[in-house]
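*Asks:* Input: one structure, supplied below.
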Amino acid sequence: MSERASSERASSERASPGGLDVERIGSWLEQHCGLRPPVHVEVIAGGRSNLTSVVTDAEGRRVVVRRPPLSGVLASAHDVVREGRIMAALCASAVPVPEVLGVEDDAAFTGAPFVVTAHVDGVVVRDRTVASQLSVPQRAALGRTVVDALAAIHEVDVDAVGLGDLARRDGYFARQVARWSAQLDAGSDRPLPALAQLGRALAAAVPEQDGLALVHGDFRLDNLIVDLAPAGAQVRAVLDWELATLGDPLADVGTLLAYWGVPARDGQMASVLIPDLPTALEGFSGPGELVALYAAARGLDAAELAERLRPYLAFAWFRIACILEGVRVRTVAGAYGAMGDPARRETALLETLVPSIGERALAVLTRPGPLGFDHELT
């Protein structure tokens with residue numbers, strides 16, 4: 001990219017932070033949400049799918065606006081209008097979600113559809129820097145509240161809340177494997193033989209669906225806003241419903257375990273998927289404890305649950321690898337803004353991390369028996 005082009009692009013990004021035309025979004029929010037212009041837009045760092053921004057009006061009122069990436073949008077992905085529908089339906093349920101204040105499906109306003117939600121106060125435990133500020137008891141309390149939120153999602157009566165037609169009710173695992181295999185083919189710019197082999201192996205090892213539930217699709221600690229009051233941790237909002245669908249709840253359990261990893265304890269080093277994950281720190285619940293908590297919350301047998309989780313963990317790693325590959329490609333293409341040193345370091349990490357996840361998942365999928373939480377997640 002030429003120096004002139006870089007300068008023009010930087011100027012455009014300042015005028016439209018987070019892909020939002022400040023003047024147009026301010027006018028829309030004044031009309032639909034009662035905010036008072038001028039507004040200030042602050043992009044929330046960390047997200048690598050849809051772009052999320054906090055918008056503050058002249059009186060200090062805050063809302064959150066979420067829109068698709070600036071480029072690299074794949075078919076059926078990044079549907080913020082659908083996200084808005086799901087969160088609005090869940091507002092009357094036991095699942096904590098931000099209140100939906102408005103949805104705009106006309107891209108004319110600011111270049112893409114967007115959803116507006118209330119701003120929820122709390123903490124997103126996104127990395128070790130945040131987690132290191134928590135006490136060991138606070139880290140321990142997070143495991144239970146995280147699992148309680150996941151169980152609440154899986155207990156939702158989808159017909160009662162109006163989400164019974166969100167997706168097909170059968171064949172979830174096979175459909176998901178096919179979907180992410182297609183996303184990988186469409187969204188990658190390099191050969192990834194281990195991931196391709198993993199996709200084929202998963203397609204040949206489809207487990208019997210464990211009932212029907214609302215599946216979040218990307219349930220992990222940094223997609224939650226939590227209240228860490230001295231009285232105890234509590235999830236105040238579950239975020240990022242982009243991948244939510246109807247299907248097998250054990251897929252969400254696999255995703256939680258894949259991102260959680262094995263925290264440090266008793267002098268042993270942690271083993272986590274990505275080096276900066278917060279759950280690497282001592283004090284967080286171990287993966288076996290999370291499974292026991294989930295089983296208790298839903299009235300399941302923990303040992304039987306462990307017997308069934310192997311393909312779900314392997315699928316979670318497959319999906320994560322496909323997502324990370326998409327992040328790498330979109331970052332290089334400039335979908336999240338100009339490439340600075342942090343973005344370069346991230347893409348360099350993903351160059352090697354993505355194929356290694358495929359190899360790791362293949363090894364786990366082909367082993368027999370129940371998961372060994374403290375060694376197979378390492």
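Numbering starts fresh at 1 for the residues of each chain in the structure tokens, the chains themselves are lettered A, B, ... in the order given, and ligands are numbered from 1 as they appear.
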Write out as a Markdown table the residues of region 122-165 of chain A that have any atom within 10 Å of an atom of region 96-100 of chain A, one row each with the nearest atom pair and its distance in Å to one decimal, counting only C-alpha atoms, sorted by chain and then rising number.
*Replies:*
| residue | atom | partner | partner_atom | distance |
| --- | --- | --- | --- | --- |
| A:Ala149 | CA | A:Pro96 | CA | 7.6 |
| A:Ala152 | CA | A:Pro96 | CA | 8.9 |
| A:Ile153 | CA | A:Pro96 | CA | 9.1 |
*Asks:* Mind listing the alpha helix (DSSP H) residues of region 35-249 of chain A, per DSSP on the backbone, as number ranges by chain?
*Replies:* A: 80-90, 128-131, 136-154, 172-187, 193-203
*Asks:* Write out as a VMD selection string the residues lying within 10 Å of region 23-32 of chain A, counting only C-alpha atoms and excluding same-chain residues fewer than 2 positions away.
*Replies:* chain A and resid 15 to 16 20 to 21 34 to 41 55 to 57 63 65 101 to 104 108 to 110 114 116
*Asks:* Using DSSP on the backbone coordinates, identify the residues of region 68-103 of chain A assigned to strand (DSSP E or B); present them as JSON, numbers by chain.
*Replies:* {"A": [100, 101, 102, 103]}
*Asks:* Those residues you just picked out, can you put them in a file as a CSV table (one decimal), in the first residue's frame with C-alpha atoms?
*Replies:*
chain,number,residue,atom,x,y,z
A,100,VAL,CA,-31.9,-4.7,22.4
A,101,LEU,CA,-32.7,-1.0,21.7
A,102,GLY,CA,-32.9,-1.1,17.9
A,103,VAL,CA,-32.0,-3.0,14.8
*Asks:* Name all residues at most 8 Å from region 183-194 of chain A (count only C-alpha atoms; drop same-chain ones fewer than 6 positions away) and give them as a list in words.
*Replies:*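 The neighbour list is Gly72, Leu74, Cys322, Glu325, Gly326, Val329, Pro355, Gly358, Glu359 and Leu362 of chain A.
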*Asks:* Please produce an output containing C-alpha atoms for each residue in the selection, written as a short mmCIF file (atom, residue, chain, number, x, y, z; two decimals), in the first residue's frame.
*Replies:*
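File out-v3.cif, as written:
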data_model
loop_
_atom_site.label_atom_id
_atom_site.label_comp_id
_atom_site.auth_asym_id
_atom_site.auth_seq_id
_atom_site.Cartn_x
_atom_site.Cartn_y
_atom_site.Cartn_z
CA GLY A 72 -14.18 -10.48 4.06
CA LEU A 74 -18.75 -14.70 4.13
CA CYS A 322 -11.57 -22.12 11.11
CA GLU A 325 -7.96 -18.64 10.01
CA GLY A 326 -10.72 -16.25 8.97
CA VAL A 329 -7.10 -13.58 6.41
CA PRO A 355 -2.53 -25.91 11.70
CA GLY A 358 -5.91 -29.28 13.66
CA GLU A 359 -3.17 -31.76 14.57
CA LEU A 362 -7.06 -35.13 15.29
#
*Asks:* Near Arg128 (chain A), counting only C-alpha atoms, which residues have an atom at most 10 Å away, once you skip same-chain residues fewer than 6 positions from it, shown as a PDB file with N, CA and C atoms, in the first residue's frame?
*Replies:*
ATOM      1  N   LEU A 134      -7.633 -10.130  39.578  1.00  0.00           N
ATOM      2  CA  LEU A 134      -8.637 -10.816  40.383  1.00  0.00           C
ATOM      3  C   LEU A 134      -7.966 -11.633  41.466  1.00  0.00           C
ATOM      4  N   PRO A 275      -1.762 -18.261  24.271  1.00  0.00           N
ATOM      5  CA  PRO A 275      -0.940 -17.938  25.442  1.00  0.00           C
ATOM      6  C   PRO A 275      -1.551 -16.946  26.427  1.00  0.00           C
ATOM      7  N   ASP A 276      -2.326 -15.958  25.948  1.00  0.00           N
ATOM      8  CA  ASP A 276      -2.794 -14.902  26.843  1.00  0.00           C
ATOM      9  C   ASP A 276      -4.152 -15.186  27.463  1.00  0.00           C
ATOM     10  N   LEU A 277      -4.687 -16.396  27.302  1.00  0.00           N
ATOM     11  CA  LEU A 277      -6.000 -16.679  27.874  1.00  0.00           C
ATOM     12  C   LEU A 277      -5.961 -16.534  29.397  1.00  0.00           C
ATOM     13  N   PRO A 278      -6.993 -15.913  29.979  1.00  0.00           N
ATOM     14  CA  PRO A 278      -6.977 -15.632  31.424  1.00  0.00           C
ATOM     15  C   PRO A 278      -6.992 -16.885  32.280  1.00  0.00           C
ATOM     16  N   THR A 279      -7.617 -17.949  31.795  1.00  0.00           N
ATOM     17  CA  THR A 279      -7.781 -19.147  32.611  1.00  0.00           C
ATOM     18  C   THR A 279      -6.486 -19.912  32.828  1.00  0.00           C
ATOM     19  N   ALA A 280      -5.386 -19.425  32.286  1.00  0.00           N
ATOM     20  CA  ALA A 280      -4.094 -20.041  32.573  1.00  0.00           C
ATOM     21  C   ALA A 280      -3.672 -19.817  34.022  1.00  0.00           C
ATOM     22  N   LEU A 281      -4.211 -18.784  34.665  1.00  0.00           N
ATOM     23  CA  LEU A 281      -3.755 -18.413  35.998  1.00  0.00           C
ATOM     24  C   LEU A 281      -4.319 -19.346  37.062  1.00  0.00           C
TER      25      LEU A 281
END
*Asks:* Find the residues near Val161 (chain A): any atom within 9 Å, counting only C-alpha atoms, skip ones fewer than 5 places away on the same chain, and give them as a list of chain:residue names.
*Replies:* A:Ala89, A:Leu90, A:Ala92, A:Ser93, A:Val156
*Asks:* Just write the chosen residues, N, CA and C atoms, as a JSON list (two decimals), in the first residue's frame.
*Replies:*
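And here's part.json as it stands now:
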[["chain", "number", "residue", "atom", "x", "y", "z"],
["A", 89, "ALA", "N", -35.35, -11.95, 21.98],
["A", 89, "ALA", "CA", -36.18, -13.07, 22.41],
["A", 89, "ALA", "C", -35.79, -13.55, 23.81],
["A", 90, "LEU", "N", -34.51, -13.43, 24.15],
["A", 90, "LEU", "CA", -34.02, -13.94, 25.42],
["A", 90, "LEU", "C", -34.19, -12.97, 26.58],
["A", 92, "ALA", "N", -36.65, -11.93, 28.14],
["A", 92, "ALA", "CA", -37.62, -12.36, 29.15],
["A", 92, "ALA", "C", -37.27, -13.70, 29.77],
["A", 93, "SER", "N", -36.12, -14.27, 29.40],
["A", 93, "SER", "CA", -35.72, -15.58, 29.92],
["A", 93, "SER", "C", -34.74, -15.41, 31.08],
["A", 156, "VAL", "N", -33.47, -23.02, 28.01],
["A", 156, "VAL", "CA", -34.47, -22.15, 27.39],
["A", 156, "VAL", "C", -35.45, -22.99, 26.56]]
